[in-house]
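K.L.:
This is the content of final.cif (mmCIF, C-alpha atoms and all ligand atoms):
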data_coords
#
loop_
_atom_site.group_PDB
_atom_site.id
_atom_site.type_symbol
_atom_site.label_atom_id
_atom_site.label_comp_id
_atom_site.auth_asym_id
_atom_site.auth_seq_id
_atom_site.Cartn_x
_atom_site.Cartn_y
_atom_site.Cartn_z
ATOM 1 C CA MET A 1 -34.544 20.510 119.736
ATOM 2 C CA SER A 2 -38.214 19.459 119.716
ATOM 3 C CA ALA A 3 -39.087 15.817 120.519
ATOM 4 C CA PRO A 4 -37.281 13.613 117.996
ATOM 5 C CA LEU A 5 -39.108 11.973 115.123
ATOM 6 C CA LEU A 6 -36.293 9.491 114.572
ATOM 7 C CA SER A 7 -33.945 8.224 117.283
ATOM 8 C CA ILE A 8 -31.023 6.051 116.323
ATOM 9 C CA ASP A 9 -29.607 4.695 119.552
ATOM 10 C CA ASP A 10 -26.202 3.027 119.780
ATOM 11 C CA LEU A 11 -26.640 1.332 116.410
ATOM 12 C CA THR A 12 -24.014 -1.171 115.272
ATOM 13 C CA VAL A 13 -24.028 -2.867 111.852
ATOM 14 C CA GLU A 14 -21.594 -5.465 110.577
ATOM 15 C CA TYR A 15 -21.029 -7.109 107.215
ATOM 16 C CA ARG A 16 -20.565 -10.787 108.069
ATOM 17 C CA THR A 17 -18.064 -11.563 105.348
ATOM 18 C CA ALA A 18 -14.931 -13.759 105.584
ATOM 19 C CA ARG A 19 -13.295 -10.814 107.327
ATOM 20 C CA PRO A 20 -16.228 -9.102 109.102
ATOM 21 C CA VAL A 21 -16.465 -5.325 108.677
ATOM 22 C CA ARG A 22 -18.050 -3.158 111.379
ATOM 23 C CA ALA A 23 -19.525 -0.497 109.067
ATOM 24 C CA VAL A 24 -21.578 1.359 111.717
ATOM 25 C CA ASP A 25 -20.141 1.396 115.207
ATOM 26 C CA HIS A 26 -22.330 2.492 118.165
ATOM 27 C CA VAL A 27 -23.919 5.454 116.362
ATOM 28 C CA SER A 28 -26.605 7.600 118.035
ATOM 29 C CA ILE A 29 -28.471 10.353 116.174
ATOM 30 C CA GLU A 30 -31.799 12.110 116.741
ATOM 31 C CA ILE A 31 -33.698 13.945 114.014
ATOM 32 C CA ALA A 32 -36.577 16.321 114.823
ATOM 33 C CA PRO A 33 -39.654 16.777 112.609
ATOM 34 C CA GLY A 34 -38.849 19.077 109.675
ATOM 35 C CA GLU A 35 -35.134 19.146 110.453
ATOM 36 C CA ILE A 36 -32.297 18.632 107.944
ATOM 37 C CA PHE A 37 -29.621 16.483 109.559
ATOM 38 C CA GLY A 38 -26.480 16.241 107.477
ATOM 39 C CA LEU A 39 -24.105 13.292 107.640
ATOM 40 C CA ALA A 40 -20.595 13.699 106.256
ATOM 41 C CA GLY A 41 -17.511 11.532 106.157
ATOM 42 C CA GLU A 42 -15.039 9.953 103.792
ATOM 43 C CA SER A 43 -15.861 7.218 101.312
ATOM 44 C CA GLY A 44 -16.441 3.868 103.048
ATOM 45 C CA CYS A 45 -17.078 5.342 106.524
ATOM 46 C CA GLY A 46 -20.563 3.758 106.699
ATOM 47 C CA LYS A 47 -22.978 6.507 105.615
ATOM 48 C CA SER A 48 -24.986 4.402 103.166
ATOM 49 C CA THR A 49 -25.022 1.438 105.546
ATOM 50 C CA LEU A 50 -26.598 3.673 108.191
ATOM 51 C CA ALA A 51 -29.157 4.937 105.641
ATOM 52 C CA TYR A 52 -30.101 1.375 104.689
ATOM 53 C CA ALA A 53 -30.426 0.402 108.346
ATOM 54 C CA VAL A 54 -32.814 3.286 109.047
ATOM 55 C CA THR A 55 -35.017 2.446 106.063
ATOM 56 C CA ARG A 56 -34.790 -1.291 106.898
ATOM 57 C CA LEU A 57 -33.359 -2.059 103.481
ATOM 58 C CA LEU A 58 -30.167 -3.799 104.645
ATOM 59 C CA GLN A 59 -29.570 -7.172 103.027
ATOM 60 C CA PRO A 60 -27.226 -9.987 104.111
ATOM 61 C CA PRO A 61 -24.318 -10.165 104.672
ATOM 62 C CA ALA A 62 -25.181 -6.948 106.559
ATOM 63 C CA GLU A 63 -26.514 -7.547 110.044
ATOM 64 C CA ILE A 64 -27.669 -5.166 112.759
ATOM 65 C CA VAL A 65 -25.816 -6.459 115.788
ATOM 66 C CA GLY A 66 -26.782 -3.870 118.370
ATOM 67 C CA GLY A 67 -28.803 -0.780 119.191
ATOM 68 C CA ALA A 68 -32.306 0.454 118.511
ATOM 69 C CA ILE A 69 -34.159 2.719 116.083
ATOM 70 C CA ARG A 70 -37.320 4.423 117.298
ATOM 71 C CA TRP A 71 -39.904 6.354 115.308
ATOM 72 C CA THR A 72 -42.171 8.785 117.164
ATOM 73 C CA PRO A 73 -44.535 10.770 114.913
ATOM 74 C CA ASP A 74 -46.622 13.502 116.549
ATOM 75 C CA GLY A 75 -45.875 12.407 120.091
ATOM 76 C CA ALA A 76 -47.421 8.958 119.491
ATOM 77 C CA ASP A 77 -46.012 5.887 121.227
ATOM 78 C CA PRO A 78 -42.552 5.129 119.845
ATOM 79 C CA LEU A 79 -42.424 2.511 117.108
ATOM 80 C CA ASP A 80 -39.604 -0.034 117.298
ATOM 81 C CA VAL A 81 -38.339 0.202 113.695
ATOM 82 C CA LEU A 82 -36.031 -2.821 113.961
ATOM 83 C CA GLY A 83 -38.951 -4.931 115.203
ATOM 84 C CA LEU A 84 -41.257 -4.187 112.230
ATOM 85 C CA ASP A 85 -42.029 -7.057 109.893
ATOM 86 C CA GLY A 86 -44.119 -7.898 106.819
ATOM 87 C CA ARG A 87 -47.210 -5.715 106.600
ATOM 88 C CA GLU A 88 -46.021 -3.261 109.266
ATOM 89 C CA LEU A 89 -42.802 -2.710 107.385
ATOM 90 C CA ARG A 90 -44.638 -2.121 104.104
ATOM 91 C CA ALA A 91 -46.843 0.445 105.795
ATOM 92 C CA PHE A 92 -43.818 2.164 107.337
ATOM 93 C CA ARG A 93 -41.421 2.218 104.420
ATOM 94 C CA TRP A 94 -42.094 4.879 101.817
ATOM 95 C CA SER A 95 -45.210 6.265 103.587
ATOM 96 C CA GLU A 96 -43.253 7.267 106.694
ATOM 97 C CA ILE A 97 -39.613 7.177 105.532
ATOM 98 C CA SER A 98 -38.528 7.188 101.906
ATOM 99 C CA MET A 99 -35.127 7.302 100.302
ATOM 100 C CA VAL A 100 -33.327 8.844 97.360
ATOM 101 C CA PHE A 101 -30.596 6.296 96.693
ATOM 102 C CA GLN A 102 -26.958 7.019 95.952
ATOM 103 C CA GLY A 103 -26.619 7.078 92.145
ATOM 104 C CA ALA A 104 -30.414 7.103 91.947
ATOM 105 C CA MET A 105 -30.640 8.988 88.692
ATOM 106 C CA ASN A 106 -29.299 5.880 86.992
ATOM 107 C CA ALA A 107 -31.741 3.627 88.839
ATOM 108 C CA LEU A 108 -34.861 4.490 86.818
ATOM 109 C CA ASN A 109 -36.100 1.635 84.668
ATOM 110 C CA PRO A 110 -35.094 2.491 81.070
ATOM 111 C CA VAL A 111 -38.078 0.731 79.481
ATOM 112 C CA HIS A 112 -40.820 2.423 81.498
ATOM 113 C CA THR A 113 -42.139 5.958 81.222
ATOM 114 C CA VAL A 114 -41.787 8.445 84.057
ATOM 115 C CA ARG A 115 -45.548 8.198 84.625
ATOM 116 C CA SER A 116 -45.560 4.456 85.169
ATOM 117 C CA GLN A 117 -42.574 4.631 87.540
ATOM 118 C CA ILE A 118 -44.262 7.266 89.701
ATOM 119 C CA GLU A 119 -47.635 5.493 89.602
ATOM 120 C CA ASP A 120 -45.979 2.200 90.598
ATOM 121 C CA VAL A 121 -45.376 3.637 94.077
ATOM 122 C CA PHE A 122 -49.131 4.073 94.586
ATOM 123 C CA VAL A 123 -49.812 0.563 93.301
ATOM 124 C CA ASP A 124 -47.001 -1.129 95.259
ATOM 125 C CA HIS A 125 -48.013 0.553 98.495
ATOM 126 C CA ARG A 126 -51.721 -0.068 98.033
ATOM 127 C CA SER A 127 -52.575 3.591 98.316
ATOM 128 C CA GLY A 128 -56.194 2.905 97.365
ATOM 129 C CA LEU A 129 -56.049 5.617 94.680
ATOM 130 C CA SER A 130 -58.041 5.095 91.482
ATOM 131 C CA ARG A 131 -56.281 5.158 88.109
ATOM 132 C CA THR A 132 -57.444 8.740 87.495
ATOM 133 C CA GLU A 133 -56.285 9.842 90.931
ATOM 134 C CA ARG A 134 -52.907 8.181 90.397
ATOM 135 C CA ARG A 135 -52.469 10.033 87.112
ATOM 136 C CA ALA A 136 -53.399 13.347 88.699
ATOM 137 C CA ARG A 137 -50.975 12.755 91.601
ATOM 138 C CA ALA A 138 -48.146 11.802 89.226
ATOM 139 C CA GLU A 139 -48.711 15.038 87.310
ATOM 140 C CA GLU A 140 -48.817 17.088 90.496
ATOM 141 C CA LEU A 141 -45.633 15.454 91.817
ATOM 142 C CA LEU A 142 -43.688 16.180 88.672
ATOM 143 C CA ALA A 143 -44.786 19.819 88.797
ATOM 144 C CA THR A 144 -43.758 19.939 92.483
ATOM 145 C CA VAL A 145 -40.166 19.077 91.577
ATOM 146 C CA GLY A 146 -40.115 21.601 88.737
ATOM 147 C CA ILE A 147 -40.611 19.328 85.725
ATOM 148 C CA ASP A 148 -43.202 20.035 83.049
ATOM 149 C CA PRO A 149 -45.903 17.341 83.341
ATOM 150 C CA ARG A 150 -45.614 16.686 79.589
ATOM 151 C CA HIS A 151 -42.529 14.664 80.554
ATOM 152 C CA LEU A 152 -44.799 12.063 82.179
ATOM 153 C CA THR A 153 -44.693 10.195 78.898
ATOM 154 C CA SER A 154 -40.891 10.519 78.571
ATOM 155 C CA TYR A 155 -38.470 7.642 79.019
ATOM 156 C CA PRO A 156 -35.462 8.167 81.331
ATOM 157 C CA HIS A 157 -32.998 8.527 78.406
ATOM 158 C CA GLU A 158 -34.994 11.522 77.171
ATOM 159 C CA LEU A 159 -34.258 13.429 80.396
ATOM 160 C CA SER A 160 -31.103 15.167 81.616
ATOM 161 C CA GLY A 161 -29.308 13.891 84.740
ATOM 162 C CA GLY A 162 -30.796 16.722 86.800
ATOM 163 C CA MET A 163 -34.317 15.905 85.593
ATOM 164 C CA ARG A 164 -33.871 12.202 86.360
ATOM 165 C CA GLN A 165 -32.723 13.085 89.854
ATOM 166 C CA ARG A 166 -35.820 15.280 90.286
ATOM 167 C CA VAL A 167 -37.995 12.337 89.205
ATOM 168 C CA MET A 168 -36.347 10.254 91.947
ATOM 169 C CA ILE A 169 -37.143 13.007 94.453
ATOM 170 C CA ALA A 170 -40.753 13.071 93.180
ATOM 171 C CA ILE A 171 -40.940 9.290 93.746
ATOM 172 C CA ALA A 172 -39.577 9.734 97.286
ATOM 173 C CA LEU A 173 -42.210 12.430 97.950
ATOM 174 C CA ALA A 174 -45.077 10.382 96.505
ATOM 175 C CA LEU A 175 -46.621 9.132 99.745
ATOM 176 C CA ARG A 176 -45.842 12.330 101.677
ATOM 177 C CA PRO A 177 -43.346 10.779 104.110
ATOM 178 C CA ARG A 178 -42.262 12.524 107.292
ATOM 179 C CA LEU A 179 -38.581 11.840 106.610
ATOM 180 C CA ILE A 180 -36.586 11.444 103.400
ATOM 181 C CA VAL A 181 -33.135 9.891 103.457
ATOM 182 C CA MET A 182 -31.106 11.432 100.637
ATOM 183 C CA ASP A 183 -27.870 9.591 99.947
ATOM 184 C CA GLU A 184 -25.549 11.798 97.843
ATOM 185 C CA PRO A 185 -28.545 13.173 95.924
ATOM 186 C CA THR A 186 -26.611 15.734 93.907
ATOM 187 C CA THR A 187 -23.054 14.413 93.758
ATOM 188 C CA ALA A 188 -23.203 13.345 90.093
ATOM 189 C CA LEU A 189 -24.567 16.701 88.915
ATOM 190 C CA ASP A 190 -22.756 19.841 87.834
ATOM 191 C CA VAL A 191 -22.601 22.655 90.382
ATOM 192 C CA VAL A 192 -25.336 24.792 88.811
ATOM 193 C CA VAL A 193 -27.873 21.958 88.650
ATOM 194 C CA GLN A 194 -26.766 20.852 92.119
ATOM 195 C CA ARG A 195 -27.491 24.330 93.486
ATOM 196 C CA THR A 196 -30.990 24.482 91.918
ATOM 197 C CA ILE A 197 -31.898 21.053 93.264
ATOM 198 C CA LEU A 198 -30.660 21.892 96.763
ATOM 199 C CA ASP A 199 -32.717 25.098 96.739
ATOM 200 C CA GLU A 200 -35.696 23.057 95.653
ATOM 201 C CA ILE A 201 -35.216 20.480 98.413
ATOM 202 C CA ASP A 202 -35.162 23.340 100.913
ATOM 203 C CA ARG A 203 -38.299 24.929 99.414
ATOM 204 C CA LEU A 204 -40.159 21.593 99.426
ATOM 205 C CA ARG A 205 -39.096 20.962 102.996
ATOM 206 C CA SER A 206 -40.565 24.334 104.079
ATOM 207 C CA GLU A 207 -43.781 23.706 102.136
ATOM 208 C CA LEU A 208 -44.342 20.070 103.044
ATOM 209 C CA GLY A 209 -42.598 19.932 106.418
ATOM 210 C CA PHE A 210 -40.676 16.667 106.017
ATOM 211 C CA ALA A 211 -37.350 16.028 107.740
ATOM 212 C CA VAL A 212 -34.233 15.021 105.791
ATOM 213 C CA LEU A 213 -31.240 12.833 106.566
ATOM 214 C CA PHE A 214 -28.872 14.288 103.988
ATOM 215 C CA ILE A 215 -25.726 12.296 103.227
ATOM 216 C CA THR A 216 -22.676 13.526 101.353
ATOM 217 C CA HIS A 217 -18.906 13.545 101.611
ATOM 218 C CA ASP A 218 -19.036 17.288 100.783
ATOM 219 C CA LEU A 219 -18.928 18.987 104.182
ATOM 220 C CA GLY A 220 -19.004 22.508 102.701
ATOM 221 C CA LEU A 221 -22.318 21.834 101.024
ATOM 222 C CA LEU A 222 -23.678 20.038 104.052
ATOM 223 C CA LEU A 223 -22.956 22.909 106.434
ATOM 224 C CA GLU A 224 -24.821 25.225 104.131
ATOM 225 C CA ILE A 225 -28.057 23.258 103.943
ATOM 226 C CA SER A 226 -28.253 21.384 107.267
ATOM 227 C CA ASP A 227 -29.632 22.449 110.621
ATOM 228 C CA ARG A 228 -27.371 19.962 112.373
ATOM 229 C CA VAL A 229 -24.461 17.895 111.159
ATOM 230 C CA GLY A 230 -22.803 14.617 112.168
ATOM 231 C CA ILE A 231 -19.293 13.592 111.142
ATOM 232 C CA MET A 232 -18.527 9.907 110.594
ATOM 233 C CA LEU A 233 -15.113 8.290 110.580
ATOM 234 C CA SER A 234 -14.615 4.531 110.157
ATOM 235 C CA GLY A 235 -18.146 3.690 111.280
ATOM 236 C CA ARG A 236 -18.162 5.995 114.298
ATOM 237 C CA LEU A 237 -19.943 9.283 114.727
ATOM 238 C CA VAL A 238 -17.018 11.346 115.978
ATOM 239 C CA GLU A 239 -18.839 14.646 116.331
ATOM 240 C CA GLN A 240 -22.284 16.186 115.981
ATOM 241 C CA GLY A 241 -23.687 19.653 116.514
ATOM 242 C CA SER A 242 -25.436 22.568 114.850
ATOM 243 C CA SER A 243 -23.950 23.600 111.502
ATOM 244 C CA ARG A 244 -22.784 26.841 113.103
ATOM 245 C CA GLN A 245 -21.077 24.973 115.957
ATOM 246 C CA ILE A 246 -19.295 22.552 113.609
ATOM 247 C CA GLN A 247 -18.193 25.366 111.336
ATOM 248 C CA ASP A 248 -17.022 27.776 114.040
ATOM 249 C CA ALA A 249 -15.789 25.451 116.759
ATOM 250 C CA PRO A 250 -15.137 21.929 115.496
ATOM 251 C CA ARG A 251 -13.880 19.738 118.320
ATOM 252 C CA HIS A 252 -12.594 16.610 116.636
ATOM 253 C CA ASP A 253 -9.292 16.616 114.704
ATOM 254 C CA TYR A 254 -10.927 14.868 111.777
ATOM 255 C CA THR A 255 -13.656 17.560 111.497
ATOM 256 C CA GLN A 256 -10.966 20.239 111.588
ATOM 257 C CA HIS A 257 -9.113 18.383 108.871
ATOM 258 C CA LEU A 258 -12.273 18.145 106.727
ATOM 259 C CA LEU A 259 -12.980 21.843 107.216
ATOM 260 C CA ARG A 260 -9.447 22.770 106.163
ATOM 261 C CA SER A 261 -9.767 20.680 103.034
ATOM 262 C CA PHE A 262 -12.092 23.090 101.263
ATOM 263 C CA PRO A 263 -11.356 26.781 100.671
ATOM 264 C CA SER A 264 -13.390 29.335 102.603
ATOM 265 C CA LEU A 265 -15.397 31.831 100.569
ATOM 266 C CA ARG A 266 -14.534 34.472 103.141
ATOM 267 C CA GLY A 267 -11.342 35.180 105.001
ATOM 268 C CA ASP A 268 -7.782 34.165 104.297
ATOM 269 C CA MET A 269 -6.576 31.250 102.266
ATOM 270 C CA PRO A 270 -5.531 28.328 104.467
ATOM 271 C CA ALA A 271 -1.832 28.151 105.214
ATOM 272 C CA THR A 272 -1.530 24.733 103.604
ATOM 273 C CA GLY A 273 -2.801 23.578 100.218
ATOM 274 C CA THR A 274 -2.713 25.183 96.801
ATOM 275 C CA ARG A 275 -1.734 28.842 96.512
ATOM 276 C CA TYR A 276 -3.047 30.600 93.467
ATOM 277 C CA VAL A 277 -0.704 33.197 91.996
ATOM 278 C CA ASP A 278 -2.319 35.930 89.962
ATOM 279 C CA ARG A 279 0.844 37.702 88.853
ATOM 280 C CA GLU A 280 4.191 36.805 87.405
ATOM 281 C CA PRO A 281 6.719 35.779 90.046
ATOM 282 C CA GLU A 282 9.356 38.443 90.662
ATOM 283 C CA ARG A 283 12.523 37.925 88.648
ATOM 284 C CA ARG A 284 15.734 38.042 90.586
ATOM 285 C CA PRO A 285 18.667 39.705 88.894
ATOM 286 C CA SER A 286 21.112 37.003 87.890
HETATM 287 N N1 LIG A 301 -22.139 -5.737 100.701
HETATM 288 C C1 LIG A 301 -21.040 -5.504 101.417
HETATM 289 N N2 LIG A 301 -20.248 -6.521 101.858
HETATM 290 C C2 LIG A 301 -19.148 -6.295 102.603
HETATM 291 N N3 LIG A 301 -18.746 -5.065 103.005
HETATM 292 C C3 LIG A 301 -19.491 -4.014 102.603
HETATM 293 C C4 LIG A 301 -20.661 -4.163 101.781
HETATM 294 N N4 LIG A 301 -21.179 -2.940 101.552
HETATM 295 C C5 LIG A 301 -20.366 -2.052 102.181
HETATM 296 N N5 LIG A 301 -19.361 -2.692 102.804
HETATM 297 C C6 LIG A 301 -18.279 -2.063 103.616
HETATM 298 O O1 LIG A 301 -18.863 -1.298 104.647
HETATM 299 C C7 LIG A 301 -18.160 -0.077 104.835
HETATM 300 C C8 LIG A 301 -19.108 1.099 104.710
HETATM 301 O O2 LIG A 301 -19.624 1.165 103.385
HETATM 302 P P1 LIG A 301 -20.722 2.256 102.970
HETATM 303 O O3 LIG A 301 -21.122 1.945 101.572
HETATM 304 O O4 LIG A 301 -21.763 2.303 104.002
HETATM 305 O O5 LIG A 301 -19.837 3.607 103.014
HETATM 306 P P2 LIG A 301 -20.194 5.085 102.528
HETATM 307 O O6 LIG A 301 -19.780 5.999 103.633
HETATM 308 O O7 LIG A 301 -21.593 5.145 102.048
HETATM 309 O O8 LIG A 301 -19.174 5.298 101.295
HETATM 310 P P3 LIG A 301 -19.338 6.195 99.956
HETATM 311 O O9 LIG A 301 -19.102 7.627 100.368
HETATM 312 O O10 LIG A 301 -18.246 5.681 99.068
HETATM 313 O O11 LIG A 301 -20.690 5.968 99.401
HETATM 314 C C9 LIG A 301 -17.036 -0.069 103.799
HETATM 315 O O12 LIG A 301 -15.862 -0.508 104.431
HETATM 316 C C10 LIG A 301 -17.507 -1.060 102.756
HETATM 317 O O13 LIG A 301 -16.414 -1.669 102.134
HETATM 318 MG MG MG A 302 -22.468 5.590 100.237
#
Would you give me this structure, written as structure tokens?
P.N.:
Amino acid sequence: MSAPLLSIDDLTVEYRTARPVRAVDHVSIEIAPGEIFGLAGESGCGKSTLAYAVTRLLQPPAEIVGGAIRWTPDGADPLDVLGLDGRELRAFRWSEISMVFQGAMNALNPVHTVRSQIEDVFVDHRSGLSRTERRARAEELLATVGIDPRHLTSYPHELSGGMRQRVMIAIALALRPRLIVMDEPTTALDVVVQRTILDEIDRLRSELGFAVLFITHDLGLLLEISDRVGIMLSGRLVEQGSSRQIQDAPRHDYTQHLLRSFPSLRGDMPATGTRYVDREPERRPS
């Protein structure tokens, strides 16, 4: 792997509630420039908490209780992400790392047009773009994610779920970040739309060169699109490796269990699980 862009080192996050929950437990991950790192694991294992920690969006009662996150673009001196504050954090978030939130397609503001929601990113992050430049960039971004720019004047309810999710991806791409955290970006979509969006993410990644931290509980899908994969279980990263390695030689019991839980497109049906019968069962003479 080339020198990492993002290094998460021994990160531990707790929710300080009446009964504290350790949601991320000594997790270490490195992501190289332009790489897709996939994170899988069951519901509640801490995937979103990790994503929020990396983008510095965690709110109380969540607290980072240990570890470090370093950001090293183009071999520059590493930036201590957990130490950023105020202005530094504003400059880092969205221009360096952006995020497509879990359930994002329902997070667009219903009373604002697509155009104003895309342009808001340039205003909020003081991009210095003029009004005309902002309009041109919004148009270009929509085209980049495969939506006709005439939809700039549409309201979210006038778009399909797939289109709304593309708008969220356009917003995440707006400031040309080096890394995009995508938290279950396609889970709510039907399989055909999901497939087109995944292909598009891959195409955009090749064209624009950003890295992706891709989060889903769907390991089958993750293995297909990721360069490397990490498996989380109850806050811990129990295994990580190349997609090929995880698929062909998973080491941890839990990874093996996850792999057995979806049918292979090739090879035999697993010994356990549903058997599909395509003919009438034989009748025994009574
Ligand atoms: N605001 C909160 N207060 C207390 N506990 C929380 C809070 N948010 C999350 N948790 C707990 O932290 C753990 C990890 O939650 P998280 O949302 O990170 O999981 P996840 O892997 O993203 O799950 P899913 O696949 O369902 O999205 C869970 O046990 C959850 O109950
Ligand atoms: Mg989540």
K.L.:
Excluding region 90-98 of chain A and any residue of its chain fewer than 6 positions from it, enumerate the residues within 9 Å of it, using all atoms listed in the file, and give them as an NGL selection string.
P.N.:
:A and (54-56 or 81 or 84 or 121 or 125 or 171-182)
K.L.:
Which residue out of A:Leu223, A:Leu237, A:Leu152, A:Met163 has the minimum interatomic distance to ligand LIG 301 (chain A) when all atoms listed in the file are used?
P.N.:
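The answer is A:Leu237, which sits nearest to ligand LIG 301 (chain A).
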K.L.:
Check which residues fall inside 9 Å of ligand MG 302 (chain A) when counting all atoms listed in the file, and print them as a list in words.
P.N.:
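So the residues close to ligand MG 302 (chain A) are Ser43, Gly44, Cys45, Gly46, Lys47, Ser48, Thr49, Ala51, Phe101, Gln102, Asp183, Glu184, Ile215, Thr216 and His217 of chain A.
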K.L.:
So which one's closest to Pro33 (chain A), A:Ser206, A:Asn106, A:Thr132, A:Ser127? Using only C-alpha atoms, please.
P.N.:
A:Ser206
K.L.:
Rounded to one decimal in Å, what is the spacing between CA of Asp25 (chain A) and atom O1 of ligand LIG 301 (chain A)?
P.N.:
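A separation of 11.0 Å between them.
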K.L.:
Have a look at atom C6 of ligand LIG 301 (chain A) and CA of Thr187 (chain A) and let me know their distance in Å, one decimal.
P.N.:
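Rounded to one decimal, the two atoms are 19.8 Å apart.
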K.L.:
Given all atoms listed in the file as the basis, pick out the residue of A:Leu50, A:Glu42, A:Leu258, A:Glu140 nearest to Leu11 (chain A).
P.N.:
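Counting all atoms listed in the file, the residue closest to Leu11 (chain A) is A:Leu50.
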K.L.:
Between atom O5 of ligand LIG 301 (chain A) and CA of Tyr52 (chain A), what is the distance in Å, rounded to a tenth?
P.N.:
10.6 Å
K.L.:
Apply the PyMOL selection byres (((chain A and resi 240) around 6) and not hetatm) to the structure shown and report the selected residues as an MDAnalysis selection string.
P.N.:
chainID A and resid 229:230 239 241
K.L.:
Kindly provide, as JSON, the centre and edge lengths (Å, one decimal) of an axis-aligned box around all atoms of ligand LIG 301 (chain A) given in the file, with 4 Å on each side.
P.N.:
{"center_x": -19.0, "center_y": 0.6, "center_z": 102.0, "size_x": 14.3, "size_y": 22.1, "size_z": 13.8}
K.L.:
Would you mind telling me which residue in A:Ala62, A:Leu129, A:Val27, A:Leu57 lies nearest to ligand LIG 301 (chain A) when using only C-alpha atoms and all ligand atoms?
P.N.:
A:Ala62
K.L.:
Which polymer residues, whether protein, DNA or RNA, lie within 12 Å of the coordinate (-27.5, -9.1, 105.6) when you count all atoms listed in the file? List them as a PDB file with C-alpha atoms, in the coordinates of the input, using the chain letters and numbers from the file.
P.N.:
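part.pdb, written as the output of this step:
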ATOM      1  CA  VAL A  13     -24.028  -2.867 111.852  1.00  0.00           C
ATOM      2  CA  GLU A  14     -21.594  -5.465 110.577  1.00  0.00           C
ATOM      3  CA  TYR A  15     -21.029  -7.109 107.215  1.00  0.00           C
ATOM      4  CA  ARG A  16     -20.565 -10.787 108.069  1.00  0.00           C
ATOM      5  CA  THR A  17     -18.064 -11.563 105.348  1.00  0.00           C
ATOM      6  CA  PRO A  20     -16.228  -9.102 109.102  1.00  0.00           C
ATOM      7  CA  THR A  49     -25.022   1.438 105.546  1.00  0.00           C
ATOM      8  CA  TYR A  52     -30.101   1.375 104.689  1.00  0.00           C
ATOM      9  CA  ALA A  53     -30.426   0.402 108.346  1.00  0.00           C
ATOM     10  CA  ARG A  56     -34.790  -1.291 106.898  1.00  0.00           C
ATOM     11  CA  LEU A  57     -33.359  -2.059 103.481  1.00  0.00           C
ATOM     12  CA  LEU A  58     -30.167  -3.799 104.645  1.00  0.00           C
ATOM     13  CA  GLN A  59     -29.570  -7.172 103.027  1.00  0.00           C
ATOM     14  CA  PRO A  60     -27.226  -9.987 104.111  1.00  0.00           C
ATOM     15  CA  PRO A  61     -24.318 -10.165 104.672  1.00  0.00           C
ATOM     16  CA  ALA A  62     -25.181  -6.948 106.559  1.00  0.00           C
ATOM     17  CA  GLU A  63     -26.514  -7.547 110.044  1.00  0.00           C
ATOM     18  CA  ILE A  64     -27.669  -5.166 112.759  1.00  0.00           C
ATOM     19  CA  VAL A  65     -25.816  -6.459 115.788  1.00  0.00           C
TER      20      VAL A  65
END
K.L.:
For Leu208 (chain A), which of A:Ser234, A:Thr196, A:Thr144, A:Thr113 is the closest residue, counting only C-alpha atoms?
P.N.:
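With only C-alpha atoms as the atom set, the closest residue is A:Thr144.
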K.L.:
Between A:Pro73, A:Gly220, A:Gly66, A:Gly86, single out the one closest to Thr255 (chain A), counting only C-alpha atoms.
P.N.:
A:Gly220
K.L.:
Just the residues within 10 Å of Glu139 (chain A), please, counting only C-alpha atoms, with nothing from its chain fewer than 6 positions along; format it as number ranges by chain.
P.N.:
A: 115, 118-119, 133, 147-152
K.L.:
I'd like the neighbourhood of Ala32 (chain A) as a PyMOL selection string, where a residue qualifies if any of its atoms comes within 7 Å (using all atoms listed in the file), though same-chain residues fewer than 2 positions away should be ignored.
P.N.:
chain A and resi 1-6+30+34-35
K.L.:
Assuming the chain letters and numbering stay as they are in my file, what does the PyMOL selection byres (((chain A and resi 226) around 8) and not hetatm) actually select? List them as a PyMOL selection string.
P.N.:
chain A and resi 35-38+214+222-225+227-229+243
K.L.:
Show me, as a ChimeraX atom specification, the residues that have an atom within 7 Å of region 188-194 of chain A when counting only C-alpha atoms, minus same-chain residues fewer than 3 positions from it.
P.N.:
/A:161-162,197-198
